[in-house]
Amino acid sequence: MPRSNWKGVISFGLVTIPIILYPSKNVQADISFHQIDKRDNSRIQYQRINSNTGKKVEWNDIARGYALDKETMIPVPDEVLKYIAGDKARSIDIDTFIDKKDLDLFTIDNFYYLVPDKNGQKGYVILRNCLAETNKVGIAKVVISTKEYLSALIPYGDALILCLLKYDAEMRKSEDFDLPNKNISAYKISAKEMDIAKKLIKSMSSKWHPDKYVDEYQKLIHQWVEETVKHLPHKKTGKTVKKLTHAVNLVDLLKKSLAASSKQNNRRILVPYKNHKLSRHKKATH
């Protein structure tokens, strides 16, 4: 079960449903690189420096500040943020319900899984099933990490999803761009060209199977790391950083993987540079 640091309730009318908020993104699937000194592969560290004194600042001395202008910084205590958030800090208050078709998917910024907490299953199922059967979504505001978001509660299979939405003022309008918006005849497009394009689209159409698509770039990076680790020198006592100075030739392996991938989706994959160095005392990131 993923970790969560947000617990609260969904409320609408006199109904409250205790829930736990979980991120939808699987962060373990991402490749994480670190900055290192290429001379000895040591990690680069950054310090928190006071711009006035030039001295290091400890974490317990760090607070939030609002820049009024270039010269004025106003401290914002945590107590102020908690007071402003009020009951919204742990509550998803549904303001209204709208037709699902009226929700513009382009406004969705991120989404979370809502999971019922203790004694919340009955209310959770009622809300989820009613939304699904009526093709409605709930519109609410929620505070996450000191920021208030507009959101939509949407049924998704057995789950309720909390979609964070962009406010209207945050959205660029299509009118802001120079888009071709004249009648099709103005672009000298013939009926034959349209017909051929439609036939091509039809010939390339298929049922959507998202599980067929994987991140080939990350896959090859993981494969490269696994093969490289096999060639690391044995670890010795002491804290000296060990360096892998000889190149591991994985070009043939990568070319085969690339060729297999290209046959499936005709995508171009970057081949990692083979003259690499890697620290023995660091674990490969997966």
# chains A, B, ... in the order shown; residues from 1 in each chain; ligands from 1

call {"tool": "residues_around", "arguments": {"residues": "Val137 in chain A", "least_positions_apart": "3", "cutoff": "8 Å", "atoms": "only C-alpha atoms", "output": "PyMOL selection string"}}
result
chain A and resi 97-100+131+152-155

call {"tool": "write_last_selection", "arguments": {"atoms": "N, CA and C atoms", "output": "mmCIF file, in the first residue's frame"}}
result
data_model
loop_
_atom_site.group_PDB
_atom_site.id
_atom_site.type_symbol
_atom_site.label_atom_id
_atom_site.label_comp_id
_atom_site.auth_asym_id
_atom_site.auth_seq_id
_atom_site.Cartn_x
_atom_site.Cartn_y
_atom_site.Cartn_z
ATOM 1 N N PHE A 97 -22.736 19.465 -8.168
ATOM 2 C CA PHE A 97 -22.551 18.316 -9.049
ATOM 3 C C PHE A 97 -22.846 18.766 -10.474
ATOM 4 N N ILE A 98 -22.004 18.349 -11.414
ATOM 5 C CA ILE A 98 -22.210 18.713 -12.815
ATOM 6 C C ILE A 98 -22.231 17.456 -13.674
ATOM 7 N N ASP A 99 -22.749 17.592 -14.896
ATOM 8 C CA ASP A 99 -22.721 16.469 -15.831
ATOM 9 C C ASP A 99 -21.271 16.148 -16.190
ATOM 10 N N LYS A 100 -20.963 14.873 -16.247
ATOM 11 C CA LYS A 100 -19.596 14.443 -16.536
ATOM 12 C C LYS A 100 -19.118 14.970 -17.882
ATOM 13 N N LEU A 131 -22.760 8.588 -8.435
ATOM 14 C CA LEU A 131 -22.093 9.403 -9.459
ATOM 15 C C LEU A 131 -22.013 8.634 -10.777
ATOM 16 N N ALA A 152 -12.363 17.842 -8.886
ATOM 17 C CA ALA A 152 -13.548 17.095 -9.320
ATOM 18 C C ALA A 152 -13.445 15.675 -8.798
ATOM 19 N N LEU A 153 -14.530 15.164 -8.209
ATOM 20 C CA LEU A 153 -14.588 13.778 -7.757
ATOM 21 C C LEU A 153 -15.269 12.956 -8.838
ATOM 22 N N ILE A 154 -14.537 11.954 -9.339
ATOM 23 C CA ILE A 154 -15.016 11.169 -10.475
ATOM 24 C C ILE A 154 -14.950 9.685 -10.135
ATOM 25 N N PRO A 155 -16.022 8.910 -10.388
ATOM 26 C CA PRO A 155 -15.948 7.461 -10.194
ATOM 27 C C PRO A 155 -15.090 6.827 -11.282
#

call {"tool": "select_by_dssp", "arguments": {"residues": "range 72-145 of chain A", "states": "alpha helix (DSSP H)", "output": "MDAnalysis selection string"}}
result
chainID A and resid 78:85 121:134

call {"tool": "select_by_dssp", "arguments": {"residues": "range 93-142 of chain A", "states": "strand (DSSP E)", "output": "JSON, numbers by chain"}}
result
{"A": [93, 94, 95, 96, 97, 98, 99, 108, 109, 110, 111, 112, 113, 114, 115, 116, 136, 137, 138, 139, 140, 141, 142]}

call {"tool": "residues_around", "arguments": {"residues": "Val57 in chain A", "least_positions_apart": "4", "cutoff": "8 Å", "atoms": "only C-alpha atoms", "output": "list of chain:residue names"}}
result
A:Gln47, A:Arg48, A:Ile49, A:Asn50, A:Asp61, A:Ile62

call {"tool": "atom_distance", "arguments": {"atom1": "CA of Lys202 in chain A", "atom2": "CA of Leu105 in chain A"}}
result
24.5 Å

call {"tool": "residues_around", "arguments": {"residues": "range 143-149 of chain A", "least_positions_apart": "4", "cutoff": "12 Å", "atoms": "only C-alpha atoms", "output": "MDAnalysis selection string"}}
result
chainID A and resid 4:8 21:23 64 76:93 107:112 139 162:168 170

call {"tool": "atom_distance", "arguments": {"atom1": "CA of Gly157 in chain A", "atom2": "CA of Ser206 in chain A"}}
result
22.6 Å

call {"tool": "decode", "arguments": {"residues": "range 100-116 of chain A", "atoms": "N, CA and C atoms", "output": "PDB file, in the first residue's frame"}}
result
ATOM      1  N   LYS A 100     -20.963  14.873 -16.247  1.00  0.00           N
ATOM      2  CA  LYS A 100     -19.596  14.443 -16.536  1.00  0.00           C
ATOM      3  C   LYS A 100     -19.118  14.970 -17.882  1.00  0.00           C
ATOM      4  N   LYS A 101     -20.020  15.068 -18.845  1.00  0.00           N
ATOM      5  CA  LYS A 101     -19.656  15.518 -20.188  1.00  0.00           C
ATOM      6  C   LYS A 101     -19.241  16.992 -20.203  1.00  0.00           C
ATOM      7  N   ASP A 102     -19.631  17.734 -19.172  1.00  0.00           N
ATOM      8  CA  ASP A 102     -19.317  19.162 -19.126  1.00  0.00           C
ATOM      9  C   ASP A 102     -17.935  19.449 -18.523  1.00  0.00           C
ATOM     10  N   LEU A 103     -17.303  18.422 -17.987  1.00  0.00           N
ATOM     11  CA  LEU A 103     -15.970  18.605 -17.415  1.00  0.00           C
ATOM     12  C   LEU A 103     -14.940  18.584 -18.531  1.00  0.00           C
ATOM     13  N   ASP A 104     -14.202  19.663 -18.668  1.00  0.00           N
ATOM     14  CA  ASP A 104     -13.177  19.769 -19.698  1.00  0.00           C
ATOM     15  C   ASP A 104     -11.924  19.040 -19.227  1.00  0.00           C
ATOM     16  N   LEU A 105     -11.592  17.914 -19.873  1.00  0.00           N
ATOM     17  CA  LEU A 105     -10.437  17.118 -19.468  1.00  0.00           C
ATOM     18  C   LEU A 105      -9.131  17.898 -19.584  1.00  0.00           C
ATOM     19  N   PHE A 106      -9.133  18.931 -20.413  1.00  0.00           N
ATOM     20  CA  PHE A 106      -7.934  19.743 -20.602  1.00  0.00           C
ATOM     21  C   PHE A 106      -7.566  20.512 -19.333  1.00  0.00           C
ATOM     22  N   THR A 107      -8.529  20.674 -18.420  1.00  0.00           N
ATOM     23  CA  THR A 107      -8.269  21.423 -17.193  1.00  0.00           C
ATOM     24  C   THR A 107      -7.679  20.553 -16.088  1.00  0.00           C
ATOM     25  N   ILE A 108      -7.652  19.227 -16.271  1.00  0.00           N
ATOM     26  CA  ILE A 108      -7.150  18.329 -15.228  1.00  0.00           C
ATOM     27  C   ILE A 108      -5.626  18.443 -15.136  1.00  0.00           C
ATOM     28  N   ASP A 109      -5.142  18.722 -13.920  1.00  0.00           N
ATOM     29  CA  ASP A 109      -3.712  18.929 -13.702  1.00  0.00           C
ATOM     30  C   ASP A 109      -3.043  17.701 -13.075  1.00  0.00           C
ATOM     31  N   ASN A 110      -3.750  17.042 -12.180  1.00  0.00           N
ATOM     32  CA  ASN A 110      -3.215  15.867 -11.492  1.00  0.00           C
ATOM     33  C   ASN A 110      -4.391  15.138 -10.855  1.00  0.00           C
ATOM     34  N   PHE A 111      -4.177  13.904 -10.434  1.00  0.00           N
ATOM     35  CA  PHE A 111      -5.273  13.242  -9.740  1.00  0.00           C
ATOM     36  C   PHE A 111      -4.762  12.278  -8.679  1.00  0.00           C
ATOM     37  N   TYR A 112      -5.642  12.008  -7.709  1.00  0.00           N
ATOM     38  CA  TYR A 112      -5.334  11.158  -6.562  1.00  0.00           C
ATOM     39  C   TYR A 112      -6.423  10.104  -6.403  1.00  0.00           C
ATOM     40  N   TYR A 113      -6.057   8.993  -5.761  1.00  0.00           N
ATOM     41  CA  TYR A 113      -7.040   7.993  -5.371  1.00  0.00           C
ATOM     42  C   TYR A 113      -7.601   8.366  -4.003  1.00  0.00           C
ATOM     43  N   LEU A 114      -8.911   8.296  -3.877  1.00  0.00           N
ATOM     44  CA  LEU A 114      -9.565   8.453  -2.583  1.00  0.00           C
ATOM     45  C   LEU A 114      -9.956   7.070  -2.088  1.00  0.00           C
ATOM     46  N   VAL A 115      -9.494   6.710  -0.894  1.00  0.00           N
ATOM     47  CA  VAL A 115      -9.756   5.389  -0.322  1.00  0.00           C
ATOM     48  C   VAL A 115     -10.522   5.581   0.983  1.00  0.00           C
ATOM     49  N   PRO A 116     -11.594   4.823   1.199  1.00  0.00           N
ATOM     50  CA  PRO A 116     -12.360   5.001   2.438  1.00  0.00           C
ATOM     51  C   PRO A 116     -11.536   4.645   3.672  1.00  0.00           C
TER      52      PRO A 116
END
